[in-house]
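Since the structure comes first, as structure tokens, the remarks are kept for the end.
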Amino acid sequence: MSHFLEFRSITKTFPGVKALSDVSFAVDRGQVHGLLGENGAGKSTLLKILGGEYIPDGGQVMLDGTERHFTRSRDSIDAGIAIIHQELQYVPELTVMENLLLGHLPTRFGFVRRGEAIRWTRDNLQRLGVDIDPLARLIDLSIGQRQMVEICKAVLRDATVIALDEPTSSLSHRESEILFRMIRDLKARGKALIYISHRLEEIFELCDGCTIFRDGRKVAEHHDLSQITRDQLVQGMVGREIKDIFDYKPRALGEVAMTVQNLSGKKVPTPATFSVRKGEILGFFGLVGAGRSELMRLIYGADVRATGTVELDGIKGNITSISQAIHSGLVLCPEDRKQEGIVPGRSVSENINISCRRHYRRAHFFVNDSAEAGTAEGYIKLLRIKTPSRHQEIRFLSGGNQQKAILARWLAEQDLRVLIIDEPTRGIDVGAKNEIYQVLYGLAEKGVAVIMVSSELPEVLGVSDRIITMCQGRITGELNRTDANERNVLTLALPVSAPTPAAAPVTA
Amino acid sequence: MQTTPTQVQPLPAEPTSASANPPSAPPPPGRSAGQQKLIKFASDYSIILIFLVLFVVLSFNVEYFFSFTNMKGLALSVSQIGMVACTMMFCLASRDFDLSVGSTIAFAGVLCAMIINSTGSIVLGVGGSLLAGAAIGLFNGFTIAKLRINALIATLVTMGAVRGLGFIASHGQAVGISNEAFFNLGNNDLFGMPIPVLFWIGCVVVFGVMLNKTVYGRNTLAIGGNPDAARLAGVAVDRTRIYIFLIQGVVTALAGIILASRITSGQPNAGQGFELDVIAACVLGGVSLAGGRATISGVVVGVLIMGMVQNAMNLKNIDAFYQYEVRAAILFVAVLIDQLKNRGKTS
Ligand SMILES: Nc1ncnc2c1ncn2[C@@H]1O[C@H](COP(=O)(O)OP(=O)(O)OP(=O)(O)O)[C@@H](O)[C@H]1O
Ligand SMILES: [Mg+2]
């Protein structure tokens, strides 16, 4: 009774999916409560119920001792609840300031005091320790920065309950630190917080207690995380033990598969040169905004190049366009799954087959439904994509399962030579991460060159045969697996410190 | 944005102590999965239901409505709209728009009539007209896909320019056609069906298969659903969009030729407001203006609803002026349904 926010026996069913069944837990003021669980376990659904987006089929939401019925987002906002959703909900064409003040701009006379609004935004961003220009448009910011804007929006609303759905999935280490500081501050000010993450370190670092979900059910609840080990949490989440999530085994490398020479473009001003070998997993590490994704897009032919060439072994000439790249076996799995990955209103099967269907089409024109169904079903099984059927529209899948489907799109390519994956495990649960790494190793084993861009240092260190670091649009260093450690990789990736000669071998 | 001396305070409103707010209204009943399925079914097939209900109501209430002759006439009257709706479906599904079809209909008819009159050859007339339609479509597609001009603006430009061309070529006069063999196309039956209706059925079959069974159709829907994602997935976005408009141009010209044959002349005034009828029929048939969603059955039903309403009004002798109001009302309802459906989907 005495709890500030309490969920009692919440149940929610979607056609073909039991998203939540009989879930109860509570959060008090001054507490951070973690929600853990596999992809599709029902975490985001719970937050959407709290946010008034979904109406539960059964159960109660109690706030400060009274039962609440949120039927629209507005109800929830008015009750002092702020939610940072997994899929960001900003207006890309508007500025940071406008996004922060959206819906709160006074409309009585229809005019806005612009100077004051800018000052307010700047002051508050500064107070929160966020260094973003109030007048930048959101499309011009990195995903991490957009995420920070969303977080600030919720924090500045001065809500009493703040729920964050995988807020760090696209944040750099440094931005995460800023976020953690904000969270501790909110906690000290007596807010009740709910925190969803697949990164267990963060749960240990931030949370007072946590609830673990599996298939819509609560399987465990912990009130004292100091008594719990990481392995116990993993066991609770995925129902099995994962000894070493990376499980790396050395492989024999082949010849050079792709050579990138003097490649530069708008956001990668300094020409980049490097190569990757067959069977190699090459990690690209850098802080958010280091230009890694931009470099990858240049390689793929998605953006306009200023200079440079991309050459594949066994294929004559420079790869300059996306279609040329795909036909030569060079593919890019993009960073931003919502904007650049999924086609939301189309089925899971369509989303998986959109590119690889050219291998099966009949008379160059007709799609081969049975072959496509086979591919879709195969990958749904292999990656354990949780969906009632392959015909489900992809937007109804949980975030992590959408990510898996987009990965499947590229894994389904035949004759892959070079696979570039940008943040492959964003939003993916621990167990599935392990499985995805196994798939990558399998590809590498078959001689595919894999370039993996990641902001997760442990992942880069754990999976890569070689690591290239970038900073401010420039390649700053290159380390072999055996030489790389957290410290020297970070040193190379950080903007301020010039790389020390010992830690930094030649810049390619 | 402007600076004014109003007293606005650009701080977010903060009326947010939880206990300060009274608890909200009693719970709305949660919906069971079965109910949700039913709702989804109803919303997916709502338009077919509306069609059936309307059909029954009109059959019982409007004299002469329910007869084979009237049905044939009804189909004939919407056959041009029906043809163009098939290609407009692709256009809307890829998140584009085409306002130029009405002008193209007129121009194609005028051009066809003039070529036939001056050369005496039907083949040349039809061929020349189709080529002109292709050129108009290509121009639309190129400006939209390559020059990245908003489809609304680009086709507004061609809408005006092509209408003007029709008037210039015909000096503003109807062009009577001298070769009577040409009239067979629009006025004869084949297998007991008017030839224009057969063309419509042909379009429905061809474009239905294109939408559902071909890479081109799937790509169109993907582009409409998320153009950025489609491009990164290797879909030839620009080329597909150009094809969409090119094909639309050709089919529209064909519809214009058939119309000219039906009315035995090329009319520079023909097809005014035609584009809106076509778009209304598509939207009525569940094609989303936001792109990514279309079914051929929906489009057929949408066209039939337009035709039925028109037909019933004619049978009831309702003044043509009021018919405008009714058509406007239908368009409004169509867009409203589209809007409500989308709203249901995001929440
Ligand atoms: N609107 C919806 N319609 C149908 N099914 C849905 C809908 N929203 C969620 N689901 C299903 O409910 C289940 C729970 O989804 P939810 O998004 O809550 O998972 P999650 O725990 O947040 O997963 P992730 O870690 O991947 O984000 C999933 O199987 C998902 O497919
Ligand atoms: Mg989620």
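Following the order of the structure tokens, first chain is A, next is B, and so on, with residues numbered from 1 inside each chain and ligands from 1 in the order they appear.
Omitting B:Ile244 and its sequence neighbours fewer than 3 positions away, and counting only C-alpha atoms, the residues within 9 Å are Thr87, Met88, Phe90, Cys91, Ser94, Gly137, Gly141, Thr220, Arg239, Thr240, Arg241, Ile247, Gln248 and Gly249 of chain B.
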Who sits within 7 Å of A:Ile394, only C-alpha atoms, same chain under 2 positions skipped, as a ChimeraX atom specification: /A:344-348,392,396-397,402
Enumerate residues in contact with ligand 2: an atom-to-atom distance of at most 7 Å, counting only C-alpha atoms and all ligand atoms. Format the result as number ranges by chain. A: 39-40, 43-44, 86, 165, 398-400
Could you save those same residues with C-alpha atoms as an mmCIF file, in the first residue's frame?
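Printed below is out.cif as written:
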```cif
data_model
loop_
_atom_site.group_PDB
_atom_site.id
_atom_site.type_symbol
_atom_site.label_atom_id
_atom_site.label_comp_id
_atom_site.auth_asym_id
_atom_site.auth_seq_id
_atom_site.Cartn_x
_atom_site.Cartn_y
_atom_site.Cartn_z
ATOM 1 C CA ASN A 39 13.727 -9.112 -26.463
ATOM 2 C CA GLY A 40 9.978 -9.199 -26.609
ATOM 3 C CA LYS A 43 9.204 -4.336 -20.936
ATOM 4 C CA SER A 44 8.310 -1.605 -23.374
ATOM 5 C CA GLN A 86 12.763 3.121 -26.966
ATOM 6 C CA ASP A 165 13.461 2.565 -22.095
ATOM 7 C CA SER A 398 9.676 -5.269 -29.975
ATOM 8 C CA GLY A 399 12.722 -3.095 -30.611
ATOM 9 C CA GLY A 400 15.243 -5.879 -30.294
#
```
Could you pull out the residues sitting within 9 Å of ligand 1, using only C-alpha atoms and all ligand atoms, and write them as a PyMOL selection string? (chain A and resi 12-20+35-48+54+86+165-166+196-198+213-216+385-388+392-403+427-429) or (chain B and resi 345-347)
Name the residues of stretch 330-498 of chain A that fall into helix (DSSP H, G or I) according to DSSP on the backbone, using the chain letters and numbers of this document, as a ChimeraX atom specification. /A:337-341,348-359,369-382,394-396,399-411,430-445,457-463,486-493
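The residue that comes closest to chain A, out of B:Leu131, B:Leu185, B:Val84, B:Val235 and on the basis of only C-alpha atoms, is B:Val235.
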Contact residues around stretch 88-100 of chain A with only C-alpha atoms at 8 Å, ignoring same-chain residues under 4 positions, as a list of chain:residue names: A:Ile84, A:Ala117, A:Ile118, A:Thr121, A:Asp133, A:Pro134, A:Leu135, A:Ala136, A:Arg137, A:Leu138, A:Ile139, A:Gln147, A:Val149, A:Glu150, A:Cys152, A:Lys153
Can you list, as a PyMOL selection string, every protein, DNA or RNA residue that comes within 8 Å of B:Gln173 when you count only C-alpha atoms, leaving out same-chain residues fewer than 6 positions away? chain B and resi 167+267-268
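Candidate residues B:Lys146, B:Arg231, B:Lys72, B:Arg163 were compared for distance to chain A, and the nearest is B:Arg231, using only C-alpha atoms.
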Spatial neighbours of A:Ile322, max dist 6 Å, only C-alpha atoms, sep filter under 5 positions, as a PyMOL selection string: (chain A and resi 300-302) or (chain B and resi 234)
Could those selected residues go to a file with C-alpha atoms, as a CSV table (one decimal), in the first residue's frame?
```
chain,number,residue,atom,x,y,z
A,300,TYR,CA,28.6,1.7,-49.3
A,301,GLY,CA,27.9,4.5,-51.8
A,302,ALA,CA,25.1,5.9,-49.8
B,234,GLY,CA,19.3,-1.5,-52.6
```
Please return as a ChimeraX atom specification: the residues of stretch 240-466 of chain A that backbone DSSP assigns to strand (DSSP E or B). /A:256-265,272-277,281-286,305-312,330-333,347,362,366,393,418-422,449-454,466
Just N, CA and C atoms for this one: save the residues we selected as a compact mmCIF listing (two decimals), in the first residue's frame.
```
# COMPACT_ATOMS: atom_id res chain seq x y z
N VAL A 256 43.32 -9.96 -48.72
CA VAL A 256 42.57 -8.71 -48.57
C VAL A 256 41.26 -8.81 -49.34
N ALA A 257 40.18 -8.47 -48.69
CA ALA A 257 38.86 -8.55 -49.33
C ALA A 257 38.42 -7.20 -49.87
N MET A 258 38.78 -6.15 -49.15
CA MET A 258 38.34 -4.82 -49.58
C MET A 258 39.42 -3.80 -49.21
N THR A 259 39.67 -2.91 -50.14
CA THR A 259 40.62 -1.83 -49.88
C THR A 259 39.91 -0.50 -50.04
N VAL A 260 40.01 0.29 -49.01
CA VAL A 260 39.43 1.63 -49.04
C VAL A 260 40.59 2.62 -49.11
N GLN A 261 40.55 3.48 -50.13
CA GLN A 261 41.69 4.36 -50.30
C GLN A 261 41.27 5.83 -50.36
N ASN A 262 41.86 6.61 -49.48
CA ASN A 262 41.66 8.07 -49.48
C ASN A 262 40.20 8.48 -49.56
N LEU A 263 39.38 7.77 -48.85
CA LEU A 263 37.94 8.04 -48.94
C LEU A 263 37.57 9.23 -48.05
N SER A 264 36.92 10.20 -48.63
CA SER A 264 36.48 11.33 -47.82
C SER A 264 35.15 11.85 -48.34
N GLY A 265 34.46 12.54 -47.47
CA GLY A 265 33.17 13.13 -47.82
C GLY A 265 32.87 14.25 -46.86
N ALA A 272 40.29 8.63 -45.55
CA ALA A 272 40.52 7.41 -44.78
C ALA A 272 41.03 6.31 -45.69
N THR A 273 42.02 5.58 -45.19
CA THR A 273 42.57 4.46 -45.95
C THR A 273 42.69 3.27 -45.02
N PHE A 274 42.15 2.15 -45.43
CA PHE A 274 42.35 0.92 -44.67
C PHE A 274 41.90 -0.25 -45.53
N SER A 275 42.21 -1.44 -45.04
CA SER A 275 41.72 -2.61 -45.77
C SER A 275 41.27 -3.66 -44.78
N VAL A 276 40.50 -4.60 -45.27
CA VAL A 276 40.02 -5.66 -44.41
C VAL A 276 40.19 -6.98 -45.15
N ARG A 277 40.51 -8.04 -44.38
CA ARG A 277 40.83 -9.31 -45.02
C ARG A 277 39.67 -10.29 -44.93
N ILE A 281 37.22 -10.04 -38.66
CA ILE A 281 36.23 -9.14 -38.08
C ILE A 281 36.97 -7.89 -37.63
N LEU A 282 36.67 -6.81 -38.31
CA LEU A 282 37.37 -5.55 -38.05
C LEU A 282 36.45 -4.64 -37.28
N GLY A 283 36.83 -4.29 -36.07
CA GLY A 283 35.99 -3.41 -35.25
C GLY A 283 36.33 -1.95 -35.50
N PHE A 284 35.32 -1.14 -35.57
CA PHE A 284 35.53 0.30 -35.66
C PHE A 284 35.01 0.93 -34.39
N PHE A 285 35.91 1.52 -33.64
CA PHE A 285 35.47 2.13 -32.40
C PHE A 285 35.70 3.64 -32.45
N GLY A 286 34.84 4.35 -31.77
CA GLY A 286 34.99 5.80 -31.66
C GLY A 286 33.84 6.31 -30.84
N ARG A 305 30.72 11.07 -52.27
CA ARG A 305 32.14 11.09 -51.90
C ARG A 305 32.83 12.32 -52.44
N ALA A 306 33.78 12.83 -51.68
CA ALA A 306 34.62 13.90 -52.19
C ALA A 306 35.81 13.28 -52.93
N THR A 307 36.47 12.34 -52.27
CA THR A 307 37.60 11.67 -52.91
C THR A 307 37.54 10.20 -52.54
N GLY A 308 38.39 9.43 -53.22
CA GLY A 308 38.64 8.08 -52.77
C GLY A 308 37.98 6.97 -53.55
N THR A 309 38.47 5.76 -53.31
CA THR A 309 37.97 4.59 -54.01
C THR A 309 37.75 3.44 -53.03
N VAL A 310 36.84 2.54 -53.41
CA VAL A 310 36.59 1.33 -52.66
C VAL A 310 36.74 0.18 -53.64
N GLU A 311 37.65 -0.73 -53.36
CA GLU A 311 37.83 -1.84 -54.30
C GLU A 311 37.68 -3.16 -53.59
N LEU A 312 37.01 -4.07 -54.27
CA LEU A 312 36.83 -5.40 -53.72
C LEU A 312 37.71 -6.38 -54.47
N LEU A 330 28.91 -6.37 -51.19
CA LEU A 330 29.27 -5.44 -50.11
C LEU A 330 27.98 -4.83 -49.57
N VAL A 331 27.65 -5.10 -48.32
CA VAL A 331 26.39 -4.57 -47.80
C VAL A 331 26.59 -3.85 -46.48
N LEU A 332 25.66 -2.97 -46.19
CA LEU A 332 25.71 -2.18 -44.95
C LEU A 332 24.40 -2.35 -44.20
N CYS A 333 24.51 -2.76 -42.96
CA CYS A 333 23.34 -2.83 -42.10
C CYS A 333 23.36 -1.55 -41.26
N SER A 347 5.43 -6.44 -43.72
CA SER A 347 5.57 -7.60 -42.86
C SER A 347 7.03 -7.90 -42.53
N ARG A 362 11.61 -14.58 -60.33
CA ARG A 362 11.41 -15.36 -61.55
C ARG A 362 11.30 -14.38 -62.71
N PHE A 366 9.07 -11.37 -61.23
CA PHE A 366 8.08 -11.89 -60.29
C PHE A 366 8.74 -12.39 -59.02
N GLU A 393 3.18 -7.18 -39.23
CA GLU A 393 3.86 -5.94 -39.60
C GLU A 393 5.01 -5.70 -38.62
N VAL A 418 31.74 -8.62 -48.14
CA VAL A 418 32.02 -7.72 -47.03
C VAL A 418 30.69 -7.31 -46.39
N LEU A 419 30.58 -7.58 -45.11
CA LEU A 419 29.38 -7.19 -44.37
C LEU A 419 29.76 -6.07 -43.40
N ILE A 420 29.17 -4.91 -43.59
CA ILE A 420 29.40 -3.82 -42.65
C ILE A 420 28.17 -3.74 -41.75
N ILE A 421 28.37 -3.87 -40.46
CA ILE A 421 27.22 -3.73 -39.57
C ILE A 421 27.49 -2.62 -38.58
N ASP A 422 26.54 -1.72 -38.52
CA ASP A 422 26.68 -0.54 -37.67
C ASP A 422 25.86 -0.77 -36.41
N ALA A 449 34.41 -10.90 -45.00
CA ALA A 449 35.04 -9.87 -44.18
C ALA A 449 33.95 -9.10 -43.46
N VAL A 450 34.07 -8.97 -42.15
CA VAL A 450 33.03 -8.29 -41.38
C VAL A 450 33.61 -7.01 -40.79
N ILE A 451 32.95 -5.91 -41.04
CA ILE A 451 33.33 -4.66 -40.38
C ILE A 451 32.24 -4.33 -39.39
N MET A 452 32.61 -4.25 -38.14
CA MET A 452 31.60 -4.00 -37.12
C MET A 452 31.85 -2.65 -36.46
N VAL A 453 30.91 -1.75 -36.62
CA VAL A 453 31.00 -0.46 -35.94
C VAL A 453 30.25 -0.62 -34.63
N SER A 454 30.88 -0.20 -33.56
CA SER A 454 30.18 -0.32 -32.28
C SER A 454 30.66 0.74 -31.32
N ARG A 466 40.79 -7.14 -35.16
CA ARG A 466 41.61 -5.93 -35.29
C ARG A 466 40.67 -4.77 -35.02
```
Have a look at B:Val300, B:Ala294, B:Met306, B:Ala281 and name the one nearest to B:Arg95; count only C-alpha atoms. B:Ala294
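The two atoms in question, atom CA of A:Leu5 and atom CA of A:Asp28, are spaced 6.3 Å apart.
Using only C-alpha atoms, the shortest contact distance between B:Tyr216 and any of B:Val175, B:Ala93, B:Val309, B:Met114 is found at B:Ala93.
Distances from A:Glu335, A:Glu201, A:Asp303, A:Glu340 to chain B were compared using only C-alpha atoms, and the smallest one belongs to A:Glu340.
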Which neighbours of stretch 52-56 of chain B fall inside 12 Å, counting only C-alpha atoms, when residues of the same chain fewer than 2 positions from it are skipped, and could you give them as a PyMOL selection string? chain B and resi 45-50+58-62+65-66+71+301-302+304-309+311-312
If you count only C-alpha atoms, the residue of B:Gly164, B:Trp200, B:Pro194, B:Asn212 closest to chain A turns out to be B:Asn212
Do a neighbour search on stretch 133-136 of chain B at 10 Å with only C-alpha atoms, toss out local chain neighbours closer than 3 positions, and write the hits as a VMD selection string. chain B and resid 100 to 101 104 to 105 107 to 108 127 to 130 139 to 142 155 158 to 159 162 243 245 to 254 256
Deliver the residues from the most recent selection as a file, using N, CA and C atoms, as a PDB file, in the first residue's frame.
```pdb
ATOM      1  N   SER B 100      -1.832  15.580 -62.764  1.00  0.00           N
ATOM      2  CA  SER B 100      -1.852  15.920 -64.187  1.00  0.00           C
ATOM      3  C   SER B 100      -2.703  14.979 -65.028  1.00  0.00           C
ATOM      4  N   VAL B 101      -3.291  13.953 -64.399  1.00  0.00           N
ATOM      5  CA  VAL B 101      -3.978  12.948 -65.224  1.00  0.00           C
ATOM      6  C   VAL B 101      -5.186  13.506 -65.969  1.00  0.00           C
ATOM      7  N   THR B 104      -3.975  15.206 -68.977  1.00  0.00           N
ATOM      8  CA  THR B 104      -3.407  14.241 -69.921  1.00  0.00           C
ATOM      9  C   THR B 104      -4.520  13.535 -70.704  1.00  0.00           C
ATOM     10  N   ILE B 105      -5.596  13.214 -70.003  1.00  0.00           N
ATOM     11  CA  ILE B 105      -6.753  12.602 -70.667  1.00  0.00           C
ATOM     12  C   ILE B 105      -7.215  13.469 -71.840  1.00  0.00           C
ATOM     13  N   PHE B 107      -5.633  16.009 -73.366  1.00  0.00           N
ATOM     14  CA  PHE B 107      -4.616  16.220 -74.388  1.00  0.00           C
ATOM     15  C   PHE B 107      -4.470  14.978 -75.265  1.00  0.00           C
ATOM     16  N   ALA B 108      -4.475  13.813 -74.636  1.00  0.00           N
ATOM     17  CA  ALA B 108      -4.324  12.571 -75.398  1.00  0.00           C
ATOM     18  C   ALA B 108      -5.473  12.430 -76.395  1.00  0.00           C
ATOM     19  N   GLY B 127      -0.853   5.561 -81.347  1.00  0.00           N
ATOM     20  CA  GLY B 127       0.577   5.483 -81.000  1.00  0.00           C
ATOM     21  C   GLY B 127       1.111   6.843 -80.579  1.00  0.00           C
ATOM     22  N   GLY B 128       0.772   7.871 -81.361  1.00  0.00           N
ATOM     23  CA  GLY B 128       1.284   9.200 -81.041  1.00  0.00           C
ATOM     24  C   GLY B 128       0.783   9.676 -79.684  1.00  0.00           C
ATOM     25  N   SER B 129      -0.453   9.389 -79.413  1.00  0.00           N
ATOM     26  CA  SER B 129      -1.048   9.785 -78.145  1.00  0.00           C
ATOM     27  C   SER B 129      -0.377   9.073 -76.971  1.00  0.00           C
ATOM     28  N   LEU B 130      -0.181   7.784 -77.150  1.00  0.00           N
ATOM     29  CA  LEU B 130       0.469   7.027 -76.071  1.00  0.00           C
ATOM     30  C   LEU B 130       1.873   7.548 -75.819  1.00  0.00           C
ATOM     31  N   PHE B 139       8.367  13.100 -67.825  1.00  0.00           N
ATOM     32  CA  PHE B 139       8.710  14.424 -67.323  1.00  0.00           C
ATOM     33  C   PHE B 139       8.357  14.530 -65.834  1.00  0.00           C
ATOM     34  N   ASN B 140       7.141  14.102 -65.493  1.00  0.00           N
ATOM     35  CA  ASN B 140       6.742  14.113 -64.080  1.00  0.00           C
ATOM     36  C   ASN B 140       7.731  13.316 -63.235  1.00  0.00           C
ATOM     37  N   GLY B 141       7.981  12.097 -63.671  1.00  0.00           N
ATOM     38  CA  GLY B 141       8.842  11.201 -62.903  1.00  0.00           C
ATOM     39  C   GLY B 141      10.230  11.778 -62.736  1.00  0.00           C
ATOM     40  N   PHE B 142      10.742  12.338 -63.822  1.00  0.00           N
ATOM     41  CA  PHE B 142      12.098  12.860 -63.764  1.00  0.00           C
ATOM     42  C   PHE B 142      12.191  14.059 -62.822  1.00  0.00           C
ATOM     43  N   THR B 155       3.440  18.058 -60.524  1.00  0.00           N
ATOM     44  CA  THR B 155       2.317  17.648 -61.365  1.00  0.00           C
ATOM     45  C   THR B 155       1.291  18.768 -61.525  1.00  0.00           C
ATOM     46  N   THR B 158       2.626  20.336 -64.655  1.00  0.00           N
ATOM     47  CA  THR B 158       2.239  19.627 -65.886  1.00  0.00           C
ATOM     48  C   THR B 158       0.731  19.687 -66.095  1.00  0.00           C
ATOM     49  N   MET B 159      -0.008  19.684 -65.010  1.00  0.00           N
ATOM     50  CA  MET B 159      -1.464  19.776 -65.137  1.00  0.00           C
ATOM     51  C   MET B 159      -1.842  21.028 -65.926  1.00  0.00           C
ATOM     52  N   VAL B 162      -0.114  20.936 -69.676  1.00  0.00           N
ATOM     53  CA  VAL B 162      -0.698  19.984 -70.621  1.00  0.00           C
ATOM     54  C   VAL B 162      -2.114  20.402 -70.997  1.00  0.00           C
ATOM     55  N   TYR B 243       9.446   5.039 -63.305  1.00  0.00           N
ATOM     56  CA  TYR B 243       8.579   4.048 -63.954  1.00  0.00           C
ATOM     57  C   TYR B 243       7.130   4.262 -63.566  1.00  0.00           C
ATOM     58  N   PHE B 245       5.522   6.912 -62.760  1.00  0.00           N
ATOM     59  CA  PHE B 245       4.902   8.024 -63.475  1.00  0.00           C
ATOM     60  C   PHE B 245       4.822   7.758 -64.971  1.00  0.00           C
ATOM     61  N   LEU B 246       5.845   7.112 -65.482  1.00  0.00           N
ATOM     62  CA  LEU B 246       5.843   6.799 -66.907  1.00  0.00           C
ATOM     63  C   LEU B 246       4.640   5.923 -67.246  1.00  0.00           C
ATOM     64  N   ILE B 247       4.456   4.876 -66.476  1.00  0.00           N
ATOM     65  CA  ILE B 247       3.343   3.960 -66.730  1.00  0.00           C
ATOM     66  C   ILE B 247       2.013   4.681 -66.546  1.00  0.00           C
ATOM     67  N   GLN B 248       1.963   5.509 -65.535  1.00  0.00           N
ATOM     68  CA  GLN B 248       0.749   6.292 -65.298  1.00  0.00           C
ATOM     69  C   GLN B 248       0.424   7.159 -66.520  1.00  0.00           C
ATOM     70  N   GLY B 249       1.455   7.773 -67.090  1.00  0.00           N
ATOM     71  CA  GLY B 249       1.249   8.619 -68.263  1.00  0.00           C
ATOM     72  C   GLY B 249       0.665   7.820 -69.422  1.00  0.00           C
ATOM     73  N   VAL B 250       1.230   6.649 -69.672  1.00  0.00           N
ATOM     74  CA  VAL B 250       0.780   5.834 -70.797  1.00  0.00           C
ATOM     75  C   VAL B 250      -0.665   5.374 -70.584  1.00  0.00           C
ATOM     76  N   VAL B 251      -0.957   4.866 -69.385  1.00  0.00           N
ATOM     77  CA  VAL B 251      -2.311   4.368 -69.117  1.00  0.00           C
ATOM     78  C   VAL B 251      -3.319   5.515 -69.191  1.00  0.00           C
ATOM     79  N   THR B 252      -2.919   6.677 -68.693  1.00  0.00           N
ATOM     80  CA  THR B 252      -3.831   7.822 -68.745  1.00  0.00           C
ATOM     81  C   THR B 252      -4.102   8.223 -70.192  1.00  0.00           C
ATOM     82  N   ALA B 253      -3.060   8.213 -71.002  1.00  0.00           N
ATOM     83  CA  ALA B 253      -3.255   8.539 -72.415  1.00  0.00           C
ATOM     84  C   ALA B 253      -4.200   7.530 -73.059  1.00  0.00           C
ATOM     85  N   LEU B 254      -4.030   6.268 -72.709  1.00  0.00           N
ATOM     86  CA  LEU B 254      -4.925   5.239 -73.251  1.00  0.00           C
ATOM     87  C   LEU B 254      -6.370   5.528 -72.843  1.00  0.00           C
ATOM     88  N   GLY B 256      -7.550   8.400 -72.193  1.00  0.00           N
ATOM     89  CA  GLY B 256      -7.960   9.576 -72.964  1.00  0.00           C
ATOM     90  C   GLY B 256      -8.393   9.194 -74.378  1.00  0.00           C
TER      91      GLY B 256
END
```
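Of note, atom CA of A:Thr375 and atom CA of B:Ala233 are spaced 16.4 Å apart.
With atom CA of A:Ile299 on one side and atom CA of A:Gln324 on the other, the separation reads 11.3 Å.
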